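> Sharing query27.txt below, compact mmCIF, C-alpha atoms:
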# COMPACT_ATOMS: atom_id res chain seq x y z
CA MET A 1 0.00 0.00 0.00
CA GLU A 2 2.73 2.41 0.99
CA GLN A 3 4.83 1.53 -2.02
CA SER A 4 2.01 1.99 -4.53
CA LYS A 5 1.23 5.40 -3.12
CA GLU A 6 4.82 6.46 -3.64
CA LYS A 7 4.79 5.29 -7.27
CA SER A 8 1.83 7.55 -7.94
CA ILE A 9 3.91 10.54 -6.83
CA ILE A 10 6.86 9.84 -9.16
CA LEU A 11 5.74 10.29 -12.77
CA SER A 12 6.50 7.80 -15.51
CA GLN A 13 8.08 8.97 -18.76
CA SER A 14 4.75 8.66 -20.57
CA GLU A 15 3.22 11.23 -18.18
CA LYS A 16 5.98 13.79 -18.81
CA THR A 17 4.53 15.62 -21.81
CA ALA A 18 4.85 19.30 -20.79
CA LYS A 19 6.89 21.92 -22.66
CA PRO A 20 9.16 24.60 -21.16
CA LYS A 21 6.66 27.33 -22.15
CA ASP A 22 4.19 25.78 -19.67
CA LEU A 23 6.59 26.75 -16.89
CA PHE A 24 6.55 30.35 -18.12
CA PHE A 25 2.79 30.55 -17.57
CA ILE A 26 2.98 28.73 -14.22
CA TRP A 27 5.47 31.21 -12.79
CA PHE A 28 4.24 34.39 -14.52
CA ALA A 29 0.70 33.94 -13.21
CA SER A 30 2.05 33.08 -9.75
CA ASN A 31 3.90 36.39 -9.48
CA ILE A 32 1.38 39.00 -10.64
CA GLY A 33 0.16 39.55 -7.08
CA ILE A 34 -0.20 43.24 -6.27
CA LEU A 35 1.64 42.66 -2.97
CA GLY A 36 4.84 43.18 -4.98
CA ILE A 37 4.09 46.92 -4.86
CA VAL A 38 4.55 46.75 -1.09
CA TYR A 39 7.93 45.10 -1.69
CA GLY A 40 8.94 48.21 -3.62
CA ALA A 41 7.89 50.46 -0.75
CA ILE A 42 9.84 48.31 1.73
CA ILE A 43 12.94 48.58 -0.49
CA VAL A 44 12.74 52.38 -0.38
CA GLY A 45 12.37 52.11 3.40
CA TYR A 46 15.97 50.89 3.55
CA GLN A 47 17.00 54.49 2.74
CA LEU A 48 18.29 53.73 -0.75
CA SER A 49 18.60 55.97 -3.78
CA PHE A 50 16.35 55.45 -6.79
CA LEU A 51 19.09 53.66 -8.74
CA GLN A 52 19.96 51.42 -5.78
CA SER A 53 16.30 50.56 -5.32
CA LEU A 54 15.92 49.80 -9.02
CA LEU A 55 18.96 47.53 -8.87
CA VAL A 56 17.31 45.56 -6.05
CA ALA A 57 14.17 45.28 -8.20
CA ILE A 58 16.30 43.72 -10.95
CA LEU A 59 18.59 41.44 -8.97
CA GLY A 60 15.99 40.23 -6.46
CA PRO A 61 13.58 38.63 -8.96
CA LEU A 62 16.52 37.18 -10.90
CA SER A 63 16.91 34.86 -7.91
CA PHE A 64 14.25 32.82 -9.71
CA ALA A 65 17.20 31.38 -11.64
CA LEU A 66 17.59 29.24 -8.48
CA VAL A 67 14.07 27.90 -9.06
CA GLY A 68 14.92 27.34 -12.71
CA TYR A 69 18.06 25.38 -11.92
CA ALA A 70 16.35 23.37 -9.15
CA SER A 71 13.61 22.56 -11.69
CA LEU A 72 16.08 20.44 -13.66
CA ALA A 73 16.01 17.83 -10.90
CA GLY A 74 12.25 17.47 -11.35
CA ARG A 75 12.66 17.03 -15.08
CA ASP A 76 15.34 14.37 -14.59
CA SER A 77 13.38 12.35 -12.03
CA GLY A 78 9.64 13.03 -12.35
CA ALA A 79 9.44 13.48 -8.57
CA PRO A 80 8.19 16.46 -6.47
CA THR A 81 10.73 18.67 -4.74
CA PHE A 82 10.59 17.23 -1.24
CA VAL A 83 10.58 13.64 -2.49
CA LEU A 84 13.85 14.45 -4.30
CA SER A 85 15.13 15.93 -1.05
CA ARG A 86 15.22 12.40 0.40
CA THR A 87 18.48 11.65 -1.44
CA ALA A 88 20.30 14.40 0.48
CA PHE A 89 18.62 13.94 3.87
CA GLY A 90 17.44 10.34 3.91
CA PHE A 91 13.87 9.07 3.90
CA LYS A 92 13.23 9.98 7.56
CA GLY A 93 15.88 12.66 7.86
CA ASN A 94 13.98 14.53 5.15
CA PHE A 95 11.12 15.07 7.59
CA ILE A 96 13.05 17.96 9.17
CA PRO A 97 13.45 20.26 6.12
CA ALA A 98 10.12 19.03 4.69
CA LEU A 99 8.36 20.19 7.84
CA VAL A 100 9.99 23.62 7.46
CA GLY A 101 8.99 23.66 3.79
CA TRP A 102 5.41 22.66 4.61
CA PHE A 103 5.06 25.31 7.32
CA GLY A 104 6.57 27.81 4.88
CA GLN A 105 4.08 26.87 2.18
CA ILE A 106 1.20 27.06 4.67
CA GLY A 107 2.53 30.44 5.79
CA TRP A 108 2.65 31.78 2.24
CA LEU A 109 -0.78 30.35 1.51
CA SER A 110 -2.08 32.13 4.60
CA VAL A 111 -0.39 35.39 3.56
CA ASN A 112 -2.01 35.19 0.13
CA VAL A 113 -5.42 34.24 1.54
CA THR A 114 -5.13 37.16 3.96
CA THR A 115 -4.25 39.52 1.11
CA GLY A 116 -7.04 38.11 -1.06
CA THR A 117 -9.49 38.66 1.79
CA LEU A 118 -8.35 42.29 2.09
CA VAL A 119 -8.83 42.77 -1.65
CA LEU A 120 -12.31 41.25 -1.57
CA LEU A 121 -13.13 43.40 1.46
CA SER A 122 -12.04 46.48 -0.50
CA ILE A 123 -14.29 45.42 -3.40
CA PHE A 124 -17.24 45.21 -1.01
CA ASN A 125 -16.33 48.66 0.32
CA GLU A 126 -16.37 50.03 -3.22
CA LEU A 127 -19.84 48.54 -3.69
CA GLY A 128 -21.08 50.45 -0.66
CA PHE A 129 -20.68 47.96 2.20
CA SER A 130 -19.01 49.17 5.40
CA SER A 131 -16.15 47.16 6.87
CA ASN A 132 -16.90 45.12 9.99
CA ARG A 133 -15.92 41.78 11.45
CA PHE A 134 -18.80 39.98 9.76
CA LEU A 135 -17.84 41.35 6.32
CA ILE A 136 -14.20 40.38 6.92
CA PHE A 137 -15.35 36.84 7.70
CA ILE A 138 -17.55 36.66 4.57
CA SER A 139 -14.68 37.97 2.41
CA TRP A 140 -12.34 35.36 3.86
CA LEU A 141 -14.92 32.57 3.38
CA LEU A 142 -15.47 33.41 -0.29
CA PHE A 143 -11.76 33.66 -1.15
CA ALA A 144 -10.72 30.59 0.86
CA THR A 145 -13.47 28.54 -0.81
CA LEU A 146 -12.21 29.62 -4.23
CA VAL A 147 -8.68 28.51 -3.31
CA LEU A 148 -9.81 25.14 -1.94
CA PHE A 149 -11.78 24.53 -5.14
CA SER A 150 -8.47 24.38 -7.02
CA VAL A 151 -7.64 20.99 -5.44
CA SER A 152 -9.75 19.44 -8.20
CA PHE A 153 -7.42 20.80 -10.92
CA SER A 154 -5.32 18.35 -12.92
CA GLN A 155 -1.88 19.52 -14.09
CA GLU A 156 -3.31 20.24 -17.55
CA THR A 157 -6.16 22.28 -16.07
CA LEU A 158 -3.71 24.12 -13.82
CA VAL A 159 -1.51 25.13 -16.78
CA LYS A 160 -4.57 26.36 -18.69
CA ALA A 161 -5.76 28.31 -15.66
CA GLN A 162 -2.33 29.88 -15.19
CA ALA A 163 -2.21 30.83 -18.89
CA PHE A 164 -5.64 32.45 -18.56
CA PHE A 165 -4.57 34.44 -15.50
CA THR A 166 -1.33 35.43 -17.26
CA TYR A 167 -3.10 36.95 -20.25
CA VAL A 168 -6.21 38.40 -18.58
CA PHE A 169 -5.05 39.52 -15.15
CA GLY A 170 -1.45 40.07 -16.23
CA GLY A 171 -2.80 42.48 -18.84
CA LEU A 172 -5.10 44.14 -16.31
CA THR A 173 -2.22 44.51 -13.85
CA ILE A 174 -0.03 46.21 -16.48
CA PHE A 175 -2.98 48.49 -17.31
CA VAL A 176 -3.28 49.45 -13.63
CA LEU A 177 0.48 50.00 -13.30
CA ALA A 178 0.33 52.44 -16.22
CA PHE A 179 -2.04 54.58 -14.12
CA LEU A 180 -0.03 54.25 -10.92
CA ILE A 181 3.29 55.35 -12.42
CA PRO A 182 2.18 58.98 -13.12
CA ASN A 183 1.62 59.38 -9.36
CA THR A 184 5.39 59.32 -8.91
CA ASN A 185 6.98 62.34 -7.27
CA TRP A 186 10.00 62.37 -9.57
CA ASP A 187 11.73 65.28 -7.81
CA LYS A 188 11.53 63.44 -4.48
CA LEU A 189 12.57 60.20 -6.13
CA PHE A 190 15.78 61.53 -7.67
CA ALA A 191 16.55 63.54 -4.55
CA MET A 192 16.88 60.38 -2.44
CA GLU A 193 20.50 60.00 -1.38
CA SER A 194 22.43 56.75 -1.80
CA GLY A 195 22.30 54.50 1.21
CA SER A 196 24.90 52.10 2.54
CA TRP A 197 25.59 49.19 0.22
CA LEU A 198 26.35 46.97 3.21
CA THR A 199 23.64 47.92 5.72
CA GLY A 200 20.98 49.16 3.29
CA PHE A 201 21.28 47.66 -0.16
CA LEU A 202 22.21 44.08 0.84
CA PRO A 203 19.44 43.69 3.47
CA ALA A 204 16.89 45.03 0.95
CA LEU A 205 18.16 42.60 -1.67
CA MET A 206 18.01 39.66 0.75
CA PHE A 207 14.45 40.59 1.70
CA VAL A 208 13.35 40.46 -1.95
CA ILE A 209 15.30 37.26 -2.66
CA ILE A 210 13.68 35.51 0.32
CA GLY A 211 10.24 36.72 -0.73
CA THR A 212 10.65 35.72 -4.39
CA GLY A 213 13.11 33.12 -5.71
CA LEU A 214 14.29 31.51 -2.46
CA THR A 215 10.82 30.90 -1.08
CA TRP A 216 9.62 29.27 -4.32
CA THR A 217 12.54 26.81 -4.57
CA LYS A 218 10.50 24.49 -2.36
CA ALA A 219 8.01 24.09 -5.22
CA SER A 220 10.45 24.03 -8.15
CA SER A 221 10.23 20.36 -9.14
CA ASP A 222 6.52 20.10 -8.37
CA TYR A 223 5.81 21.52 -11.83
CA SER A 224 8.98 20.74 -13.80
CA ARG A 225 8.49 17.01 -13.14
CA TYR A 226 6.04 17.04 -16.03
CA GLN A 227 8.86 18.07 -18.39
CA SER A 228 10.33 15.47 -20.74
CA LYS A 229 13.99 14.55 -20.24
CA GLU A 230 14.60 15.73 -23.80
CA ASN A 231 13.64 19.31 -22.94
CA SER A 232 16.63 21.65 -22.88
CA SER A 233 18.07 22.62 -19.49
CA LEU A 234 18.70 26.17 -20.71
CA SER A 235 15.15 26.47 -22.02
CA ILE A 236 13.66 25.33 -18.70
CA ILE A 237 15.82 27.73 -16.65
CA PHE A 238 15.00 30.58 -19.05
CA HIS A 239 11.22 30.06 -19.05
CA VAL A 240 11.06 29.74 -15.24
CA THR A 241 13.25 32.81 -14.64
CA ALA A 242 11.64 35.00 -17.31
CA GLY A 243 8.14 33.98 -16.30
CA ALA A 244 8.69 35.23 -12.76
CA PHE A 245 11.08 38.12 -13.48
CA ILE A 246 8.86 40.06 -15.89
CA PRO A 247 5.86 40.61 -13.58
CA LEU A 248 7.98 40.92 -10.42
CA PHE A 249 10.25 43.59 -11.89
CA LEU A 250 7.34 45.63 -13.23
CA ILE A 251 5.30 45.43 -10.01
CA ILE A 252 8.18 45.97 -7.56
CA SER A 253 9.49 48.90 -9.63
CA THR A 254 6.03 50.48 -9.56
CA GLY A 255 6.06 50.10 -5.78
CA ILE A 256 9.37 51.97 -5.65
CA LEU A 257 7.87 54.82 -7.68
CA LEU A 258 4.63 54.85 -5.69
CA ALA A 259 6.41 54.97 -2.32
CA THR A 260 7.25 58.61 -3.01
CA GLU A 261 3.57 59.53 -3.08
CA VAL A 262 1.87 57.08 -0.70
CA GLU A 263 3.12 57.57 2.85
CA GLY A 264 3.17 54.54 5.14
CA LEU A 265 2.63 52.00 2.36
CA ALA A 266 5.25 49.58 3.68
CA ALA A 267 3.56 49.29 7.10
CA ALA A 268 -0.12 49.73 6.20
CA GLU A 269 -2.72 47.52 7.89
CA ASN A 270 -4.46 47.19 4.51
CA PRO A 271 -1.91 48.14 1.82
CA ILE A 272 -4.33 47.12 -0.96
CA THR A 273 -6.80 49.89 -0.10
CA LEU A 274 -3.99 52.41 0.33
CA ILE A 275 -2.63 51.67 -3.16
CA GLY A 276 -6.10 52.03 -4.66
CA SER A 277 -6.52 55.46 -3.06
CA VAL A 278 -4.16 57.09 -5.58
CA LEU A 279 -6.07 55.81 -8.61
CA PRO A 280 -8.88 57.63 -10.41
CA GLU A 281 -12.21 56.75 -8.80
CA TRP A 282 -13.51 55.06 -11.95
CA MET A 283 -10.54 52.73 -12.01
CA THR A 284 -10.52 51.55 -8.40
CA LEU A 285 -12.79 48.57 -9.03
CA ILE A 286 -10.71 47.51 -12.05
CA TYR A 287 -7.60 47.68 -9.90
CA LEU A 288 -9.17 45.55 -7.17
CA VAL A 289 -10.36 42.92 -9.65
CA ALA A 290 -6.84 42.80 -11.13
CA ALA A 291 -5.38 42.44 -7.64
CA LEU A 292 -7.78 39.61 -6.80
CA GLY A 293 -7.00 37.85 -10.08
CA GLY A 294 -3.29 38.22 -9.46
CA LEU A 295 -3.46 36.61 -6.04
CA THR A 296 -5.62 33.63 -7.01
CA PRO A 297 -3.07 31.66 -9.11
CA MET A 298 -0.45 32.08 -6.36
CA CYS A 299 -2.85 30.30 -4.04
CA PHE A 300 -3.60 27.58 -6.60
CA ILE A 301 0.00 26.40 -6.91
CA GLY A 302 0.72 27.11 -3.24
CA LEU A 303 -2.02 24.70 -2.18
CA LYS A 304 -0.93 22.02 -4.66
CA SER A 305 2.71 22.21 -3.54
CA SER A 306 1.68 22.16 0.10
CA ARG A 307 -0.21 18.90 -0.45
CA LEU A 308 2.79 17.41 -2.30
CA ILE A 309 5.08 18.27 0.62
CA LEU A 310 2.62 16.62 2.99
CA ALA A 311 2.70 13.51 0.79
CA SER A 312 6.51 13.38 1.13
CA PHE A 313 6.06 12.37 4.79
CA ASN A 314 4.67 9.09 3.45
CA LEU A 315 1.64 9.33 5.70
CA GLN A 316 -1.44 7.36 4.74
CA VAL A 317 -3.63 10.45 4.52
CA LYS A 318 -6.80 10.57 2.45
CA ASP A 319 -7.29 13.52 0.10
CA SER A 320 -10.31 14.63 2.13
CA THR A 321 -8.19 14.65 5.31
CA ALA A 322 -5.37 16.62 3.65
CA ILE A 323 -7.88 19.18 2.37
CA THR A 324 -9.43 19.45 5.84
CA ILE A 325 -6.01 20.08 7.41
CA HIS A 326 -5.22 22.84 4.92
CA ALA A 327 -8.71 24.33 5.20
CA PHE A 328 -8.33 24.51 8.99
CA LEU A 329 -4.93 26.21 8.78
CA ILE A 330 -5.96 28.79 6.19
CA THR A 331 -8.88 29.55 8.50
CA ILE A 332 -7.01 30.03 11.77
CA ILE A 333 -3.96 31.98 10.55
CA PRO A 334 -5.62 34.58 8.27
CA LEU A 335 -8.50 35.18 10.70
CA TYR A 336 -5.99 35.70 13.53
CA VAL A 337 -4.09 38.27 11.46
CA LEU A 338 -7.25 39.98 10.21
CA LEU A 339 -9.33 40.04 13.39
CA ILE A 340 -6.91 39.85 16.33
CA SER A 341 -3.33 40.82 15.44
CA ARG A 342 -4.23 43.38 12.73
CA ASP A 343 -0.51 43.73 11.95
CA PHE A 344 -0.36 42.20 8.50
CA MET A 345 3.01 43.53 7.31
CA GLY A 346 4.71 43.06 10.69
CA ASN A 347 3.74 39.37 10.82
CA PHE A 348 4.67 38.97 7.16
CA GLN A 349 8.22 40.28 7.52
CA LEU A 350 8.85 38.22 10.68
CA PHE A 351 7.60 35.12 8.88
CA LEU A 352 9.96 35.74 5.95
CA SER A 353 12.99 36.10 8.22
CA PHE A 354 12.64 32.69 9.86
CA LEU A 355 11.50 30.95 6.68
CA GLY A 356 14.57 32.21 4.84
CA ILE A 357 16.95 30.56 7.32
CA GLY A 358 15.54 27.04 6.94
CA LEU A 359 15.17 27.29 3.17
CA ALA A 360 18.65 28.75 2.61
CA ALA A 361 20.33 25.81 4.37
CA TRP A 362 18.06 23.28 2.64
CA ILE A 363 18.41 24.57 -0.93
CA SER A 364 22.19 24.80 -0.57
CA ILE A 365 22.38 21.08 0.31
CA LEU A 366 19.81 20.05 -2.31
CA LEU A 367 21.52 21.87 -5.19
CA ILE A 368 24.98 20.61 -4.24
CA ASP A 369 23.58 17.08 -4.09
CA TYR A 370 22.06 17.55 -7.56
CA THR A 371 25.04 19.29 -9.14
CA LEU A 372 27.84 17.05 -7.86
CA ILE A 373 26.03 13.71 -7.68
CA ARG A 374 22.52 13.30 -9.15
CA ARG A 375 23.10 15.31 -12.32
CA ARG A 376 25.86 12.86 -13.21
CA ILE A 377 24.32 9.53 -12.21
CA GLY A 378 20.60 10.31 -12.04
CA TYR A 379 18.15 9.66 -9.20
CA SER A 380 17.99 6.16 -7.80
CA ARG A 381 14.43 4.93 -7.37
CA ASP A 382 15.25 3.01 -4.21
CA LEU A 383 16.72 6.14 -2.56
CA LEU A 384 13.45 7.96 -3.25
CA GLU A 385 11.01 5.18 -2.40
CA ASP A 386 12.59 2.69 -0.01
CA ALA A 387 12.61 3.89 3.61
CA LYS A 388 15.04 1.12 4.58
CA ARG A 389 17.56 1.90 1.83
CA ASN A 390 18.44 5.37 3.11
CA PRO A 391 16.60 6.18 6.37
CA ILE A 392 18.86 9.06 7.43
CA ASN A 393 21.65 10.74 5.49
CA LYS A 394 23.66 12.11 8.40
CA GLY A 395 25.61 14.40 6.11
CA GLY A 396 22.51 16.26 4.97
CA VAL A 397 20.81 16.40 8.37
CA ILE A 398 23.91 17.58 10.26
CA SER A 399 24.78 20.10 7.55
CA TRP A 400 21.26 21.56 7.71
CA ILE A 401 21.23 21.74 11.52
CA LEU A 402 24.63 23.44 11.65
CA GLY A 403 23.68 25.90 8.90
CA VAL A 404 20.44 26.86 10.64
CA THR A 405 22.11 27.06 14.06
CA THR A 406 24.78 29.35 12.64
CA ALA A 407 22.09 31.66 11.25
CA LEU A 408 20.13 31.74 14.52
CA VAL A 409 23.28 32.72 16.40
CA LEU A 410 24.42 35.31 13.85
CA MET A 411 21.00 36.95 13.45
CA ASN A 412 21.53 38.50 16.90
CA TYR A 413 24.59 40.31 15.57
CA LEU A 414 24.17 40.60 11.79
CA ASP A 415 21.36 41.49 9.38
CA ALA A 416 19.97 39.07 6.80
CA SER A 417 22.37 40.28 4.10
CA ASN A 418 25.19 38.65 6.06
CA TYR A 419 23.82 35.64 7.91
CA LEU A 420 21.82 34.14 5.02
CA PRO A 421 24.81 33.84 2.65
CA ILE A 422 26.85 32.46 5.55
CA THR A 423 24.11 29.89 6.19
CA ILE A 424 24.24 28.79 2.56
CA ILE A 425 28.03 28.48 2.62
CA VAL A 426 28.19 26.66 5.98
CA SER A 427 25.54 24.10 5.01
CA GLY A 428 26.99 23.55 1.56
CA VAL A 429 30.61 23.18 2.63
CA ILE A 430 29.79 20.76 5.48
CA TYR A 431 27.64 18.66 3.11
CA ILE A 432 30.49 18.47 0.57
CA ILE A 433 32.84 17.29 3.33
CA PHE A 434 30.40 14.58 4.44
CA MET A 435 29.68 13.43 0.89
CA TYR A 436 33.24 13.72 -0.43
CA PRO A 437 33.74 9.93 -0.82
CA THR A 438 30.51 9.67 -2.83
CA ILE A 439 31.41 12.69 -4.94
CA LYS A 440 34.84 11.19 -5.75
CA SER A 441 33.20 7.87 -6.61
CA VAL A 442 30.80 9.60 -8.99
CA GLN A 443 33.67 11.44 -10.66
CA ARG A 444 35.35 8.08 -11.23
CA GLY A 445 32.20 6.76 -12.89
CA GLY A 446 30.55 4.96 -9.96
CA GLY A 447 26.79 4.83 -9.31
CA ASN A 448 24.33 4.06 -6.55
CA GLY A 449 21.35 2.21 -8.04
CA SER A 450 19.09 2.15 -11.06
CA SER A 451 18.40 5.64 -12.40
CA LEU A 452 14.87 6.91 -13.01
Using structure tokens, write down the structure that the file contains.


Amino acid sequence: MEQSKEKSIILSQSEKTAKPKDLFFIWFASNIGILGIVYGAIIVGYQLSFLQSLLVAILGPLSFALVGYASLAGRDSGAPTFVLSRTAFGFKGNFIPALVGWFGQIGWLSVNVTTGTLVLLSIFNELGFSSNRFLIFISWLLFATLVLFSVSFSQETLVKAQAFFTYVFGGLTIFVLAFLIPNTNWDKLFAMESGSWLTGFLPALMFVIIGTGLTWTKASSDYSRYQSKENSSLSIIFHVTAGAFIPLFLIISTGILLATEVEGLAAAENPITLIGSVLPEWMTLIYLVAALGGLTPMCFIGLKSSRLILASFNLQVKDSTAITIHAFLITIIPLYVLLISRDFMGNFQLFLSFLGIGLAAWISILLIDYTLIRRRIGYSRDLLEDAKRNPINKGGVISWILGVTTALVLMNYLDASNYLPITIIVSGVIYIIFMYPTIKSVQRGGGNGSSL
């Protein structure tokens, strides 16, 4: 029973019929969320000049190249991201980073459901309804139900939905941005003095990297596993990176421009309403519909990836139970933020800080494992499916623990621009040391089981 369930997770070659352009639509639609405008305002809050801020808006989204490169492992194996992670951490050892990844995905899903609820609430306000706790609850219920409906989507349906959102709501978002840009106070923008590259620019860049490319690495292979082995590596990396970079750069850059005119945007309780306040009255509803459409596809793939991570624990959980678990969590967390905490951006930034630590150590180990070992000899089916074959890879587990511990110690003395890169280096170097005999064996032409 357990074995057959695992086989259903790893795709056969006949099921891998997707093209690289499908990944473009997956990641474009997943990054047209209007929350990116708030990212731009936060960047400016680091006391950077316009050119420094713009450079962050370019380099930050380019971190999706990490997602593109990690996607190659999914193409090679047909397995979801955290099933592939078993090779580096062991079948049971993988529970540690997978749990972090699952909480991270639940966190992001909750952030997006919270934002979607705020957008829907703003739409009701535009239609003449006054905000109150009951209306907040109704807005949450409608948006959460829409998200949970997406569990019925097949991969083919998901790609079509993402393509639809890319064309329709991507176009609407660009239309809205064209109206937001003229609200820029250009004199104030160019008068901003250059900030410190070490204590201003790097922390801002790390914030955007964590919130964009780094956080989505945990879902990279979930969608590339449908790619045929014959599909070009360069084409896959390009379509993933370009698909995310285009909308992120446009939206974050608009946020940088808008921050000169909208005071308090980076810390607003409801940033969606605040952004809409600078638009012509006739366009507010169009903006809110575009914002809602931009958030929806992020939730679609967030929910699917969350369920795939849960499956990597090899628990005998029915689909109905998994849906109930996710429904409960995206009820409790958003309603807490909306009705009790009422500090949306404060909770969001704190969440990103701790998520970035666990993911930085994990992705460093995973990509080194792929680059130095699996890319050369392929993924062994028994390492991915047989709990007895590789229960715990001490090298991966110890490397992750030491990398995370280093970050937790350093975060008391350094900002994220310093301790996150150090975390990546510490975890990666320790893993190479542990796996050195295997790496040398691979270089000499050795293997470790039948390749998928």

> Quick one: everything within 7 Å of stretch 180-196 of chain A, counting all atoms listed in the file, minus sequence neighbours fewer than 5 positions away in the same chain. Send it as a PyMOL selection string.

chain A and resi 47-50+201+254+257-258+260-261+279

> Name the residues in contact with A:Leu248 at a cut-off of 9 Å, using only C-alpha atoms, excluding same-chain residues fewer than 4 positions from it; report them as a PyMOL selection string.

chain A and resi 28+31-33+36+57-58+60-61+212+244+252-253

> With C-alpha atoms retained, export the selected residues as a JSON list (two decimals), in the coordinates of the input.


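Output saved as again.json:
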[["chain", "number", "residue", "atom", "x", "y", "z"],
["A", 28, "PHE", "CA", 4.24, 34.39, -14.52],
["A", 31, "ASN", "CA", 3.90, 36.39, -9.48],
["A", 32, "ILE", "CA", 1.38, 39.00, -10.64],
["A", 33, "GLY", "CA", 0.16, 39.55, -7.08],
["A", 36, "GLY", "CA", 4.84, 43.18, -4.98],
["A", 57, "ALA", "CA", 14.17, 45.28, -8.20],
["A", 58, "ILE", "CA", 16.30, 43.72, -10.95],
["A", 60, "GLY", "CA", 15.99, 40.23, -6.46],
["A", 61, "PRO", "CA", 13.58, 38.63, -8.96],
["A", 212, "THR", "CA", 10.65, 35.72, -4.39],
["A", 244, "ALA", "CA", 8.69, 35.23, -12.76],
["A", 252, "ILE", "CA", 8.18, 45.97, -7.56],
["A", 253, "SER", "CA", 9.49, 48.90, -9.63]]

> May I ask which of the residues A:Leu355, A:Leu292, A:Ala70, A:Leu410 is the closest one to A:Leu172, counting all atoms listed in the file?

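Selected residue with least distance to A:Leu172: A:Leu292.
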
> For A:Ser306, please output as an MDAnalysis selection string all residues within 8 Å (counting all atoms listed in the file; exclusion window: fewer than 5 positions along the same chain).

chainID A and resid 102 105:106

> Determine the nearest neighbour of A:Gly294 from the options A:Val404, A:Val100, A:Ile251, A:Leu158, counting all atoms listed in the file.

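Closest residue, counting all atoms listed in the file: A:Ile251.
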
> Name the closest residue to A:Leu120 among the candidates A:Ile392, A:Ile363, A:Leu295, A:Ile174; distances are taken between atoms, counting only C-alpha atoms.

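Closest candidate: A:Leu295.
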
> Smallest atom-to-atom distance to A:Gly170: which of A:Val151, A:Leu72, A:Ala291, A:Leu99, using all atoms listed in the file?

A:Ala291

> Can you tell me how far atom CA of A:Ile272 sits from atom CA of A:Met206, in Å to one decimal?

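Value for the atom CA of A:Ile272-atom CA of A:Met206 distance: 23.6 Å.
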
> Skipping near chain neighbours, those fewer than 6 positions away, what residues fall within 8 Å of A:Val397 using all atoms listed in the file, listed as an MDAnalysis selection string?

chainID A and resid 89 93:94 96

> Using all atoms listed in the file, collect all residues at a distance of at most 8 Å from (-7.7, 34.7, 3.8) as written in the file, then present them as a ChimeraX atom specification.

/A:110-118,139-141,143-144,330-331,334-335

> Measuring atom to atom with all atoms listed in the file, identify which of A:Val409, A:Tyr287, A:Ser427, A:Arg444 is nearest to A:Gly171.

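Answer, going by the shortest atom-to-atom distance: A:Tyr287.
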
> With all atoms listed in the file as the atoms that count, which of A:Ser380, A:Gln52, A:Ser63, A:Ser399 lies nearest to A:Ala204?

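So, comparing all the options, the nearest one is A:Gln52.
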
> Could you please determine the separation between atom CA of A:Ala163 and atom CA of A:Val176 in Å, to one decimal place?

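That distance, rounded to one decimal, is 19.4 Å.
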
> Counting all atoms listed in the file, what is within 12 Å of A:Phe164, bar same-chain residues fewer than 3 positions away, as a count of residues only?

21

> Work out how far atom CA of A:Gln443 is from atom CA of A:Arg374, in Å to one decimal.

11.4 Å

> Generate N, CA and C atoms for stretch 201-210 of chain A and emit them as a compact mmCIF listing (two decimals), keeping the file's coordinate frame.


# COMPACT_ATOMS: atom_id res chain seq x y z
N PHE A 201 21.54 48.35 1.10
CA PHE A 201 21.28 47.66 -0.16
C PHE A 201 21.20 46.14 0.02
N LEU A 202 22.20 45.54 0.68
CA LEU A 202 22.21 44.08 0.84
C LEU A 202 21.02 43.55 1.64
N PRO A 203 20.64 44.17 2.77
CA PRO A 203 19.44 43.69 3.47
C PRO A 203 18.17 43.79 2.61
N ALA A 204 18.06 44.88 1.84
CA ALA A 204 16.89 45.03 0.95
C ALA A 204 16.88 43.93 -0.10
N LEU A 205 18.05 43.64 -0.65
CA LEU A 205 18.16 42.60 -1.67
C LEU A 205 17.82 41.23 -1.10
N MET A 206 18.31 40.94 0.12
CA MET A 206 18.01 39.66 0.75
C MET A 206 16.52 39.52 1.04
N PHE A 207 15.89 40.62 1.44
CA PHE A 207 14.45 40.59 1.70
C PHE A 207 13.69 40.18 0.44
N VAL A 208 14.04 40.77 -0.69
CA VAL A 208 13.35 40.46 -1.95
C VAL A 208 13.67 39.04 -2.41
N ILE A 209 14.92 38.62 -2.26
CA ILE A 209 15.30 37.26 -2.66
C ILE A 209 14.52 36.23 -1.84
N ILE A 210 14.43 36.45 -0.53
CA ILE A 210 13.68 35.51 0.32
C ILE A 210 12.22 35.47 -0.10
